[in-house]
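Source file: target_8.txt. Holds: compact mmCIF, C-alpha atoms and all ligand atoms.
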# COMPACT_ATOMS: atom_id res chain seq x y z
CA MET A 28 22.98 203.75 23.85
CA LYS A 29 20.67 203.91 20.87
CA ASN A 30 21.02 200.77 18.78
CA ILE A 31 21.07 197.39 20.49
CA TYR A 32 21.36 194.22 18.42
CA ALA A 33 20.14 190.97 19.96
CA ILE A 34 21.70 187.97 18.21
CA GLY A 35 19.46 185.14 19.42
CA ILE A 36 16.10 186.14 20.82
CA GLY A 37 14.99 183.14 22.79
CA LEU A 38 14.57 182.94 26.56
CA ILE A 39 17.72 184.89 27.47
CA GLY A 40 18.05 187.32 24.53
CA GLY A 41 14.30 188.03 24.57
CA SER A 42 14.12 188.53 28.35
CA LEU A 43 17.12 190.90 28.26
CA ALA A 44 15.50 192.82 25.40
CA ILE A 45 12.23 193.26 27.34
CA ASP A 46 13.87 194.68 30.49
CA ILE A 47 16.44 196.83 28.69
CA LYS A 48 13.69 198.37 26.55
CA LYS A 49 11.57 198.97 29.64
CA ASN A 50 14.38 200.95 31.28
CA ASN A 51 15.46 202.67 28.06
CA PRO A 52 12.36 203.28 25.90
CA ASP A 53 14.33 205.26 23.30
CA VAL A 54 16.60 202.34 22.48
CA ILE A 55 15.93 200.44 19.25
CA ILE A 56 16.23 196.68 19.65
CA HIS A 57 17.29 195.01 16.39
CA GLY A 58 16.85 191.24 16.23
CA ILE A 59 19.10 188.80 14.40
CA SER A 60 18.35 185.08 14.19
CA ARG A 61 18.91 182.09 11.92
CA LYS A 62 15.25 181.51 11.17
CA GLN A 63 12.88 184.11 9.76
CA SER A 64 10.07 182.45 11.74
CA THR A 65 11.93 183.19 15.01
CA LEU A 66 12.35 186.83 14.00
CA ASP A 67 8.66 187.08 13.05
CA GLU A 68 7.65 185.62 16.40
CA ALA A 69 9.99 188.00 18.28
CA LEU A 70 8.53 190.94 16.36
CA SER A 71 4.95 189.91 17.05
CA LEU A 72 5.75 189.51 20.76
CA ASN A 73 7.32 193.01 20.75
CA LEU A 74 10.67 191.64 21.91
CA ILE A 75 12.37 193.48 19.05
CA ASP A 76 11.60 196.65 17.13
CA LYS A 77 13.23 195.64 13.83
CA LYS A 78 14.75 192.69 12.00
CA ALA A 79 18.42 192.98 11.08
CA THR A 80 21.35 190.98 9.72
CA LEU A 81 25.00 190.62 10.70
CA ASP A 82 25.91 193.16 8.01
CA ASP A 83 24.13 195.89 10.02
CA LEU A 84 26.36 195.48 13.08
CA GLY A 85 28.55 198.48 12.22
CA ASN A 86 25.63 200.56 13.50
CA ALA A 87 25.50 198.81 16.90
CA ASP A 88 26.20 200.48 20.24
CA LEU A 89 25.68 197.11 21.93
CA VAL A 90 25.42 193.54 20.61
CA ILE A 91 24.00 190.88 22.94
CA VAL A 92 24.83 187.33 21.83
CA SER A 93 22.44 184.73 23.29
CA ILE A 94 22.77 181.67 21.08
CA PRO A 95 24.06 178.13 21.90
CA VAL A 96 27.67 178.19 23.10
CA ASP A 97 29.08 176.29 20.10
CA ALA A 98 27.46 178.81 17.76
CA THR A 99 28.87 181.66 19.90
CA VAL A 100 32.42 180.30 19.58
CA LYS A 101 32.02 180.17 15.79
CA LEU A 102 30.27 183.51 15.30
CA LEU A 103 31.93 185.78 17.88
CA PRO A 104 35.08 186.60 15.82
CA THR A 105 32.89 187.62 12.85
CA ILE A 106 30.70 189.77 15.09
CA LEU A 107 33.77 191.57 16.46
CA ASP A 108 35.07 192.04 12.89
CA LYS A 109 31.89 193.90 12.01
CA ILE A 110 31.37 196.27 14.93
CA SER A 111 32.61 199.86 15.12
CA ASP A 112 35.46 200.95 17.41
CA ASN A 113 32.94 202.12 20.02
CA GLY A 114 30.65 199.10 19.82
CA LEU A 115 30.36 196.68 22.72
CA VAL A 116 29.65 192.95 22.37
CA VAL A 117 28.49 190.83 25.32
CA ASP A 118 27.62 187.15 25.34
CA ALA A 119 25.35 185.26 27.73
CA GLY A 120 26.77 181.76 27.21
CA SER A 121 26.67 179.18 30.01
CA THR A 122 30.33 178.25 29.46
CA LYS A 123 33.11 180.81 29.40
CA LEU A 124 36.54 179.27 28.71
CA ASP A 125 36.10 178.29 25.03
CA ILE A 126 34.25 181.53 24.30
CA CYS A 127 37.00 183.69 25.83
CA LYS A 128 39.66 181.65 24.01
CA ALA A 129 37.88 182.11 20.67
CA VAL A 130 38.58 185.86 20.74
CA GLU A 131 41.68 186.11 22.97
CA ASN A 132 43.82 187.45 20.12
CA HIS A 133 41.13 189.32 18.23
CA PRO A 134 42.09 192.94 17.43
CA LYS A 135 38.77 194.06 18.95
CA ARG A 136 39.04 191.92 22.12
CA ARG A 137 38.69 195.09 24.20
CA ASN A 138 35.18 195.59 22.73
CA PHE A 139 33.99 192.25 24.18
CA LEU A 140 32.67 191.46 27.66
CA ALA A 141 32.17 187.79 28.60
CA MET A 142 29.28 187.19 30.98
CA HIS A 143 26.87 184.56 32.24
CA PRO A 144 23.60 185.71 33.74
CA ILE A 145 22.65 183.08 36.32
CA ALA A 146 18.96 183.16 35.59
CA GLY A 147 16.70 181.04 33.45
CA THR A 148 13.86 178.61 33.15
CA GLU A 149 13.40 175.26 31.41
CA HIS A 150 11.58 176.97 28.51
CA SER A 151 13.12 178.18 25.27
CA GLY A 152 12.45 180.32 22.22
CA PRO A 153 10.95 183.84 21.96
CA SER A 154 7.69 182.82 23.68
CA ALA A 155 9.71 181.88 26.81
CA ALA A 156 11.00 185.46 27.24
CA ILE A 157 9.70 187.17 30.38
CA SER A 158 10.14 190.47 32.16
CA GLY A 159 11.96 190.45 35.51
CA LEU A 160 13.94 187.25 34.83
CA PHE A 161 17.19 188.86 35.97
CA GLN A 162 15.90 190.77 39.01
CA GLY A 163 18.06 189.93 42.05
CA LYS A 164 20.14 187.41 40.09
CA THR A 165 23.92 187.21 39.68
CA ASN A 166 25.72 188.10 36.47
CA ILE A 167 29.14 186.46 36.32
CA VAL A 168 31.61 188.56 34.38
CA CYS A 169 34.87 187.01 33.21
CA GLU A 170 38.18 188.66 32.28
CA VAL A 171 36.74 192.13 32.92
CA GLU A 172 40.24 193.64 32.69
CA LYS A 173 40.36 192.72 29.00
CA THR A 174 37.44 195.04 28.16
CA THR A 175 37.88 198.80 27.63
CA PHE A 176 36.97 200.54 30.89
CA LYS A 177 34.35 202.84 29.32
CA LEU A 178 32.56 199.89 27.72
CA GLN A 179 32.71 197.91 30.99
CA GLU A 180 31.01 200.80 32.76
CA LYS A 181 28.24 201.01 30.15
CA ALA A 182 27.54 197.28 30.34
CA LEU A 183 27.63 197.07 34.12
CA LYS A 184 25.17 199.97 34.45
CA LEU A 185 22.78 198.40 31.93
CA PHE A 186 22.80 195.07 33.78
CA SER A 187 22.63 196.53 37.28
CA ASP A 188 19.63 198.63 36.10
CA ILE A 189 17.74 195.41 35.33
CA GLY A 190 18.43 194.16 38.86
CA MET A 191 21.58 192.07 38.48
CA ARG A 192 24.49 191.95 40.91
CA ILE A 193 27.89 191.42 39.36
CA ARG A 194 30.38 188.74 40.39
CA TYR A 195 33.84 188.59 38.81
CA MET A 196 35.51 185.27 38.06
CA ASN A 197 38.08 183.85 35.69
CA PRO A 198 36.70 181.59 32.93
CA GLU A 199 38.38 178.46 34.34
CA ALA A 200 36.84 178.95 37.80
CA HIS A 201 33.46 179.79 36.25
CA ASP A 202 33.36 176.58 34.21
CA LYS A 203 34.52 174.44 37.14
CA HIS A 204 31.97 175.80 39.64
CA ILE A 205 29.06 176.02 37.21
CA ALA A 206 29.54 172.32 36.38
CA TYR A 207 28.39 171.55 39.95
CA VAL A 208 25.59 174.03 40.47
CA SER A 209 24.04 173.99 37.03
CA HIS A 210 25.34 171.37 34.62
CA LEU A 211 25.13 168.44 37.08
CA SER A 212 21.58 169.45 38.11
CA HIS A 213 20.48 169.27 34.49
CA ILE A 214 22.05 165.84 33.90
CA SER A 215 20.53 164.61 37.13
CA ALA A 216 17.06 165.84 36.07
CA PHE A 217 17.40 164.37 32.56
CA MET A 218 18.46 160.97 33.90
CA LEU A 219 15.83 160.96 36.66
CA GLY A 220 13.21 161.68 33.99
CA LYS A 221 14.64 158.90 31.77
CA THR A 222 14.67 156.39 34.66
CA VAL A 223 11.02 157.01 35.45
CA ILE A 224 9.88 157.09 31.80
CA ASP A 225 11.76 153.82 31.08
CA LYS A 226 10.17 152.13 34.08
CA GLU A 227 6.69 153.52 33.75
CA ARG A 228 5.89 152.94 30.11
CA ASN A 229 2.34 154.06 30.71
CA GLU A 230 2.79 157.84 30.87
CA ARG A 231 -0.69 158.28 32.28
CA ASP A 232 0.43 156.49 35.47
CA ILE A 233 3.37 158.84 35.87
CA PHE A 234 1.08 161.79 35.44
CA ASP A 235 -1.42 160.51 38.02
CA MET A 236 1.18 159.59 40.64
CA ALA A 237 3.75 162.34 40.13
CA GLY A 238 3.60 164.59 43.17
CA SER A 239 5.09 168.01 43.28
CA GLY A 240 8.42 166.55 44.51
CA PHE A 241 8.90 164.63 41.28
CA ALA A 242 7.67 167.52 39.15
CA SER A 243 10.05 170.04 40.73
CA THR A 244 13.04 167.66 40.72
CA VAL A 245 12.57 166.71 37.09
CA ARG A 246 11.64 170.22 35.87
CA LEU A 247 15.03 170.83 34.23
CA ALA A 248 14.57 167.73 32.05
CA LYS A 249 12.26 169.87 29.89
CA SER A 250 15.28 171.99 28.87
CA SER A 251 16.45 172.26 25.27
CA PRO A 252 18.94 169.58 24.07
CA GLU A 253 20.10 172.03 21.34
CA MET A 254 21.32 174.35 24.07
CA TRP A 255 22.64 171.75 26.52
CA THR A 256 24.61 169.39 24.25
CA PRO A 257 27.19 172.05 23.31
CA ILE A 258 27.47 173.11 26.97
CA PHE A 259 28.34 169.54 28.04
CA LYS A 260 30.75 169.25 25.09
CA GLN A 261 32.60 172.47 26.00
CA ASN A 262 32.70 171.68 29.72
CA LYS A 263 33.33 167.93 29.32
CA THR A 264 36.24 167.57 31.77
CA ASN A 265 34.56 169.43 34.63
CA VAL A 266 31.21 167.75 34.03
CA ILE A 267 32.76 164.27 34.09
CA GLU A 268 34.46 165.11 37.40
CA THR A 269 31.13 166.17 38.96
CA LEU A 270 29.43 163.05 37.59
CA GLU A 271 32.07 160.80 39.15
CA GLU A 272 31.47 162.36 42.57
CA TYR A 273 27.70 162.20 42.15
CA ILE A 274 27.72 158.56 41.03
CA SER A 275 29.95 157.68 43.97
CA ASN A 276 27.41 159.30 46.34
CA LEU A 277 24.54 157.39 44.71
CA THR A 278 26.50 154.14 44.96
CA HIS A 279 27.27 154.82 48.63
CA PHE A 280 23.56 155.43 49.30
CA LYS A 281 22.69 152.13 47.59
CA GLU A 282 25.29 150.27 49.68
CA LEU A 283 23.86 151.73 52.90
CA MET A 284 20.39 150.58 51.80
CA LYS A 285 21.66 147.08 51.00
CA SER A 286 23.33 146.79 54.39
CA ASP A 287 20.23 148.08 56.23
CA ASP A 288 22.26 150.95 57.68
CA PHE A 289 19.36 153.33 58.09
CA ASP A 290 21.10 155.29 60.84
CA ALA A 291 23.76 156.22 58.32
CA ILE A 292 21.09 157.06 55.75
CA PHE A 293 19.37 159.30 58.30
CA ASN A 294 22.66 161.07 58.95
CA GLU A 295 23.41 161.51 55.25
CA MET A 296 20.07 163.29 54.83
CA LYS A 297 20.40 165.24 58.07
CA ASN A 298 23.81 166.56 57.04
CA THR A 299 22.51 167.49 53.61
CA ASN A 300 19.61 169.48 55.16
CA HIS A 301 22.30 172.13 55.62
CA ILE A 302 21.50 173.05 52.00
CA LYS A 303 18.53 175.02 53.46
CA ASP A 304 20.93 177.48 55.11
CA ILE A 305 23.14 177.69 52.05
CA LEU A 306 20.24 178.37 49.68
CA ASN A 307 18.34 180.67 52.05
CA GLY A 308 17.14 183.63 50.00
CA ILE A 309 17.89 182.05 46.59
CA SER A 310 14.73 181.39 44.60
P1 LIG B 1 16.84 179.57 23.35
O1 LIG B 1 15.66 180.11 24.07
O2 LIG B 1 16.78 178.20 22.77
O3 LIG B 1 17.20 180.61 22.17
C1 LIG B 1 18.31 180.36 21.35
C2 LIG B 1 18.43 181.38 20.24
O4 LIG B 1 19.61 181.04 19.51
C3 LIG B 1 17.30 181.42 19.24
O5 LIG B 1 17.10 182.77 18.86
C4 LIG B 1 17.83 180.61 18.06
O6 LIG B 1 17.37 181.17 16.84
C5 LIG B 1 19.31 180.83 18.13
N1 LIG B 1 20.10 179.69 17.66
C6 LIG B 1 19.92 178.38 17.97
N2 LIG B 1 20.89 177.61 17.44
C7 LIG B 1 21.69 178.46 16.77
C8 LIG B 1 22.85 178.27 15.99
N3 LIG B 1 23.40 177.05 15.80
N4 LIG B 1 23.41 179.36 15.40
C9 LIG B 1 22.88 180.60 15.58
N5 LIG B 1 21.77 180.83 16.32
C10 LIG B 1 21.19 179.77 16.90
O7 LIG B 1 18.14 179.59 24.28
P2 LIG B 1 18.45 180.45 25.59
O8 LIG B 1 17.97 179.70 26.77
O9 LIG B 1 18.00 181.85 25.38
O10 LIG B 1 20.05 180.37 25.62
C11 LIG B 1 20.84 181.28 24.90
C12 LIG B 1 22.24 181.36 25.50
O11 LIG B 1 22.12 181.76 26.88
C13 LIG B 1 23.01 180.04 25.51
O12 LIG B 1 24.36 180.32 25.25
C14 LIG B 1 22.86 179.54 26.94
O13 LIG B 1 23.98 178.77 27.30
C15 LIG B 1 22.80 180.84 27.71
N6 LIG B 1 22.08 180.77 28.99
C16 LIG B 1 20.93 180.04 29.11
C17 LIG B 1 20.26 180.00 30.33
C18 LIG B 1 18.99 179.20 30.50
O14 LIG B 1 18.61 178.89 31.63
N7 LIG B 1 18.30 178.86 29.44
C19 LIG B 1 20.76 180.73 31.42
C20 LIG B 1 21.90 181.51 31.26
C21 LIG B 1 22.57 181.51 30.03
P3 LIG B 1 16.67 180.33 15.67
O15 LIG B 1 15.34 179.88 16.21
O16 LIG B 1 16.54 181.37 14.60
O17 LIG B 1 17.60 179.22 15.34
As structure tokens, please, write out the structure in this file.
Amino acid sequence: MKNIYAIGIGLIGGSLAIDIKKNNPDVIIHGISRKQSTLDEALSLNLIDKKATLDDLGNADLVIVSIPVDATVKLLPTILDKISDNGLVVDAGSTKLDICKAVENHPKRRNFLAMHPIAGTEHSGPSAAISGLFQGKTNIVCEVEKTTFKLQEKALKLFSDIGMRIRYMNPEAHDKHIAYVSHLSHISAFMLGKTVIDKERNERDIFDMAGSGFASTVRLAKSSPEMWTPIFKQNKTNVIETLEEYISNLTHFKELMKSDDFDAIFNEMKNTNHIKDILNGIS
């Protein structure tokens, strides 16, 4: 692989670019973004070697698409139109069903691999990109059988070289499960943050009293609304289902409090401590 094009060079695109370049110093990373200022920043941070445009994609061995999921759905068919017969396109979007559907009948569908690297932080933009973000993390690959075998192999080697383990899933199952373990956590953090901000108008008080428990629970509320709104829109049905279950658990907890049933509250927490065993080894 010689020419890699990163469309979107924020947290995910930038972090992938850093680690791929580290493992493959001869590769040229070309950056494509909407804003010139983003490209300039990516260049000055050495995330990319050169600026490029969509019209250059015929030269690409690999295109990595790391832009918001609504933009991916719109742009992916055009990207596939422009690549050569041997070019591979991968996307890193946090939803998979709408993205896979957008290109299901595209003549170059076999040049596309749908994936979701389960790694990230609450920060965004080129300055958020870091080395080692994907080490030991899972990369969910969807509909692998729809990608040409040779291109699959190339992609899987590249991502396993940066420390990722691969998990295969269909797009429906991906979107259903990810609604619980990622999308609900973000909504919960956003609404916890809102609840405290609304109540504590004096932000200085929050800052003084917020212990590390609050800070770590609310961390995801710093995430980018530009990235998360389209995710919730694309995964609306699954997200609403998770919210209904979550709200019902919150309501149950409130009822136990109201009825002074602290034995039941103790047991609820004791049973949920099991999360320690489930998450053991996941950082
Ligand atoms: P990010 O840091 O905000 O970077 C987004 C990039 O997309 C920027 O280069 C931005 O360029 C570009 N962009 C924004 N809106 C666009 C639009 N409407 N059309 C075209 N380009 C646009 O976001 P990120 O965290 O890297 O997320 C990128 C993708 O990875 C998303 O699909 C997300 O779902 C997925 N993902 C995120 C995480 C996470 O934890 N953050 C984890 C796994 C997967 P300009 O500045 O030039 O607009």
At most 6 Å from ligand LIG 1 (chain B) (all atoms listed in the file): residue list as a PyMOL selection string: chain A and resi 35-40+60-62+65+93-96+98+119-121+143-148+151-152
Kindly save the residues from that selection, with C-alpha atoms included, as a JSON list (two decimals), in the coordinates of the input.
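Wrote selection.json, looks like this:
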[["chain", "number", "residue", "atom", "x", "y", "z"],
["A", 35, "GLY", "CA", 19.46, 185.14, 19.42],
["A", 36, "ILE", "CA", 16.10, 186.14, 20.82],
["A", 37, "GLY", "CA", 14.99, 183.14, 22.79],
["A", 38, "LEU", "CA", 14.57, 182.94, 26.56],
["A", 39, "ILE", "CA", 17.72, 184.89, 27.47],
["A", 40, "GLY", "CA", 18.05, 187.32, 24.53],
["A", 60, "SER", "CA", 18.35, 185.08, 14.19],
["A", 61, "ARG", "CA", 18.91, 182.09, 11.92],
["A", 62, "LYS", "CA", 15.25, 181.51, 11.17],
["A", 65, "THR", "CA", 11.93, 183.19, 15.01],
["A", 93, "SER", "CA", 22.44, 184.73, 23.29],
["A", 94, "ILE", "CA", 22.77, 181.67, 21.08],
["A", 95, "PRO", "CA", 24.06, 178.13, 21.90],
["A", 96, "VAL", "CA", 27.67, 178.19, 23.10],
["A", 98, "ALA", "CA", 27.46, 178.81, 17.76],
["A", 119, "ALA", "CA", 25.35, 185.26, 27.73],
["A", 120, "GLY", "CA", 26.77, 181.76, 27.21],
["A", 121, "SER", "CA", 26.67, 179.18, 30.01],
["A", 143, "HIS", "CA", 26.87, 184.56, 32.24],
["A", 144, "PRO", "CA", 23.60, 185.71, 33.74],
["A", 145, "ILE", "CA", 22.65, 183.08, 36.32],
["A", 146, "ALA", "CA", 18.96, 183.16, 35.59],
["A", 147, "GLY", "CA", 16.70, 181.04, 33.45],
["A", 148, "THR", "CA", 13.86, 178.61, 33.15],
["A", 151, "SER", "CA", 13.12, 178.18, 25.27],
["A", 152, "GLY", "CA", 12.45, 180.32, 22.22]]
Which residue, A:Ile167, A:Ile214, A:Val223, A:Met296, has the smallest gap to A:Pro198 when you use all atoms listed in the file?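 With all atoms listed in the file as the atom set, the closest residue is A:Ile167.
The shortest atom-to-atom distance to A:Lys135, with only C-alpha atoms taken into account, belongs to A:Asp112 out of A:Glu282, A:Glu295, A:Asp112, A:Asp232.
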Exercise on stretch 215-231 of chain A, axis-aligned box with 8 Å per side, report centre and edge lengths in Å to one decimal, as JSON:
{"center_x": 9.9, "center_y": 159.0, "center_z": 33.6, "size_x": 37.2, "size_y": 29.7, "size_z": 23.0}
For a quick check of understanding, using only C-alpha atoms, which of A:Gly85, A:Ala216, A:Glu170, A:Leu178 has the smallest distance to A:Thr105?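 Ranked by minimum distance to A:Thr105, first place goes to A:Gly85.
Minimum distance to A:Leu219 across A:Ala156, A:Val245, A:Met142, A:Met196 (counting only C-alpha atoms) occurs at A:Val245.
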If you measure from atom CA of A:Cys127 to atom CA of A:Gly58, what distance in Å do you get, rounded to one decimal?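 Calculated distance between atom CA of A:Cys127 and atom CA of A:Gly58 is 23.6 Å.
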Skip A:Lys177 itself and residues of its chain fewer than 2 positions away, then list as a PyMOL selection string all residues within 12 Å of it, counting all atoms listed in the file. chain A and resi 113-115+137-140+171-175+179-184
Counting all atoms listed in the file, the option among A:Gly41, A:Val100, A:Pro134, A:Leu89 closest to A:Ile75: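 Of A:Gly41, A:Val100, A:Pro134, A:Leu89, the one nearest A:Ile75 is A:Gly41, counting all atoms listed in the file.
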At what distance in Å, to one decimal, does atom CA of A:Asn265 lie from atom CA of A:Ser209? 11.7 Å
So, with all atoms listed in the file as the atoms that count, which of A:Val208, A:Ile157, A:Val92, A:Ile233 lies closest to A:Val266?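 That would be A:Val208, the residue with the smallest distance to A:Val266.
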Polymer residues at most 9 Å from A:Ala129, all atoms listed in the file, same-chain spacing of 4 or more positions, as JSON, numbers by chain: {"A": [100, 101, 103, 104, 124, 125, 133]}
Go ahead and write the selection's residues with C-alpha atoms as a PDB file, in the coordinates of the input.
ATOM      1  CA  VAL A 100      32.420 180.300  19.580  1.00  0.00           C
ATOM      2  CA  LYS A 101      32.020 180.170  15.790  1.00  0.00           C
ATOM      3  CA  LEU A 103      31.930 185.780  17.880  1.00  0.00           C
ATOM      4  CA  PRO A 104      35.080 186.600  15.820  1.00  0.00           C
ATOM      5  CA  LEU A 124      36.540 179.270  28.710  1.00  0.00           C
ATOM      6  CA  ASP A 125      36.100 178.290  25.030  1.00  0.00           C
ATOM      7  CA  HIS A 133      41.130 189.320  18.230  1.00  0.00           C
TER       8      HIS A 133
END
I'd like the contact shell of A:Ile267 - 12 Å cut-off, only C-alpha atoms, skipping same-chain residues fewer than 3 positions apart - returned as a PDB file with C-alpha atoms, keeping the file's coordinate frame.
ATOM      1  CA  LYS A 203      34.520 174.440  37.140  1.00  0.00           C
ATOM      2  CA  ALA A 206      29.540 172.320  36.380  1.00  0.00           C
ATOM      3  CA  TYR A 207      28.390 171.550  39.950  1.00  0.00           C
ATOM      4  CA  HIS A 210      25.340 171.370  34.620  1.00  0.00           C
ATOM      5  CA  LEU A 211      25.130 168.440  37.080  1.00  0.00           C
ATOM      6  CA  ILE A 214      22.050 165.840  33.900  1.00  0.00           C
ATOM      7  CA  PHE A 259      28.340 169.540  28.040  1.00  0.00           C
ATOM      8  CA  LYS A 260      30.750 169.250  25.090  1.00  0.00           C
ATOM      9  CA  GLN A 261      32.600 172.470  26.000  1.00  0.00           C
ATOM     10  CA  ASN A 262      32.700 171.680  29.720  1.00  0.00           C
ATOM     11  CA  LYS A 263      33.330 167.930  29.320  1.00  0.00           C
ATOM     12  CA  THR A 264      36.240 167.570  31.770  1.00  0.00           C
ATOM     13  CA  LEU A 270      29.430 163.050  37.590  1.00  0.00           C
ATOM     14  CA  GLU A 271      32.070 160.800  39.150  1.00  0.00           C
ATOM     15  CA  GLU A 272      31.470 162.360  42.570  1.00  0.00           C
ATOM     16  CA  TYR A 273      27.700 162.200  42.150  1.00  0.00           C
ATOM     17  CA  ILE A 274      27.720 158.560  41.030  1.00  0.00           C
TER      18      ILE A 274
END
Rounded to one decimal in Å, what is the spacing between atom CA of A:Met218 and atom CA of A:Lys249?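 Calculated distance between atom CA of A:Met218 and atom CA of A:Lys249 is 11.6 Å.
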Some atoms are missing, so please complete stretch 245-252 of chain A with all heavy atoms and return it as an mmCIF file, keeping the file's coordinate frame.
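And here is the file that came out, result_34.cif:
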data_model
loop_
_atom_site.group_PDB
_atom_site.id
_atom_site.type_symbol
_atom_site.label_atom_id
_atom_site.label_comp_id
_atom_site.auth_asym_id
_atom_site.auth_seq_id
_atom_site.Cartn_x
_atom_site.Cartn_y
_atom_site.Cartn_z
ATOM 1 N N VAL A 245 12.335 167.088 38.477
ATOM 2 C CA VAL A 245 12.570 166.710 37.090
ATOM 3 C C VAL A 245 12.342 167.892 36.125
ATOM 4 O O VAL A 245 12.545 167.762 34.923
ATOM 5 C CB VAL A 245 11.647 165.491 36.752
ATOM 6 C CG1 VAL A 245 10.279 165.928 36.289
ATOM 7 C CG2 VAL A 245 12.318 164.509 35.820
ATOM 8 N N ARG A 246 11.999 169.049 36.694
ATOM 9 C CA ARG A 246 11.640 170.220 35.870
ATOM 10 C C ARG A 246 12.694 170.524 34.789
ATOM 11 O O ARG A 246 12.380 170.767 33.627
ATOM 12 C CB ARG A 246 11.472 171.446 36.788
ATOM 13 C CG ARG A 246 11.202 172.749 36.070
ATOM 14 C CD ARG A 246 11.043 173.893 37.063
ATOM 15 N NE ARG A 246 12.245 174.214 37.800
ATOM 16 C CZ ARG A 246 13.204 175.040 37.389
ATOM 17 N NH1 ARG A 246 13.093 175.651 36.225
ATOM 18 N NH2 ARG A 246 14.268 175.280 38.132
ATOM 19 N N LEU A 247 13.973 170.447 35.170
ATOM 20 C CA LEU A 247 15.030 170.830 34.230
ATOM 21 C C LEU A 247 15.144 169.869 33.050
ATOM 22 O O LEU A 247 15.779 170.200 32.051
ATOM 23 C CB LEU A 247 16.371 170.939 34.967
ATOM 24 C CG LEU A 247 16.458 172.022 36.056
ATOM 25 C CD1 LEU A 247 17.787 171.932 36.795
ATOM 26 C CD2 LEU A 247 16.286 173.408 35.434
ATOM 27 N N ALA A 248 14.518 168.692 33.156
ATOM 28 C CA ALA A 248 14.570 167.730 32.050
ATOM 29 C C ALA A 248 13.730 168.198 30.858
ATOM 30 O O ALA A 248 13.741 167.570 29.799
ATOM 31 C CB ALA A 248 14.107 166.354 32.514
ATOM 32 N N LYS A 249 13.007 169.303 31.026
ATOM 33 C CA LYS A 249 12.260 169.870 29.890
ATOM 34 C C LYS A 249 13.166 170.799 29.071
ATOM 35 O O LYS A 249 12.739 171.339 28.060
ATOM 36 C CB LYS A 249 11.068 170.676 30.408
ATOM 37 C CG LYS A 249 10.032 169.880 31.176
ATOM 38 C CD LYS A 249 8.905 170.827 31.605
ATOM 39 C CE LYS A 249 8.289 170.405 32.909
ATOM 40 N NZ LYS A 249 7.575 171.504 33.576
ATOM 41 N N SER A 250 14.394 171.015 29.527
ATOM 42 C CA SER A 250 15.280 171.990 28.870
ATOM 43 C C SER A 250 15.682 171.539 27.469
ATOM 44 O O SER A 250 15.619 170.351 27.130
ATOM 45 C CB SER A 250 16.546 172.190 29.710
ATOM 46 O OG SER A 250 16.213 172.607 31.007
ATOM 47 N N SER A 251 16.160 172.506 26.680
ATOM 48 C CA SER A 251 16.450 172.260 25.270
ATOM 49 C C SER A 251 17.768 171.500 25.048
ATOM 50 O O SER A 251 18.833 171.959 25.457
ATOM 51 C CB SER A 251 16.524 173.627 24.577
ATOM 52 O OG SER A 251 17.357 173.584 23.449
ATOM 53 N N PRO A 252 17.704 170.320 24.378
ATOM 54 C CA PRO A 252 18.940 169.580 24.070
ATOM 55 C C PRO A 252 19.859 170.356 23.131
ATOM 56 O O PRO A 252 21.079 170.202 23.184
ATOM 57 C CB PRO A 252 18.456 168.302 23.378
ATOM 58 C CG PRO A 252 16.997 168.241 23.590
ATOM 59 C CD PRO A 252 16.503 169.626 23.910
#
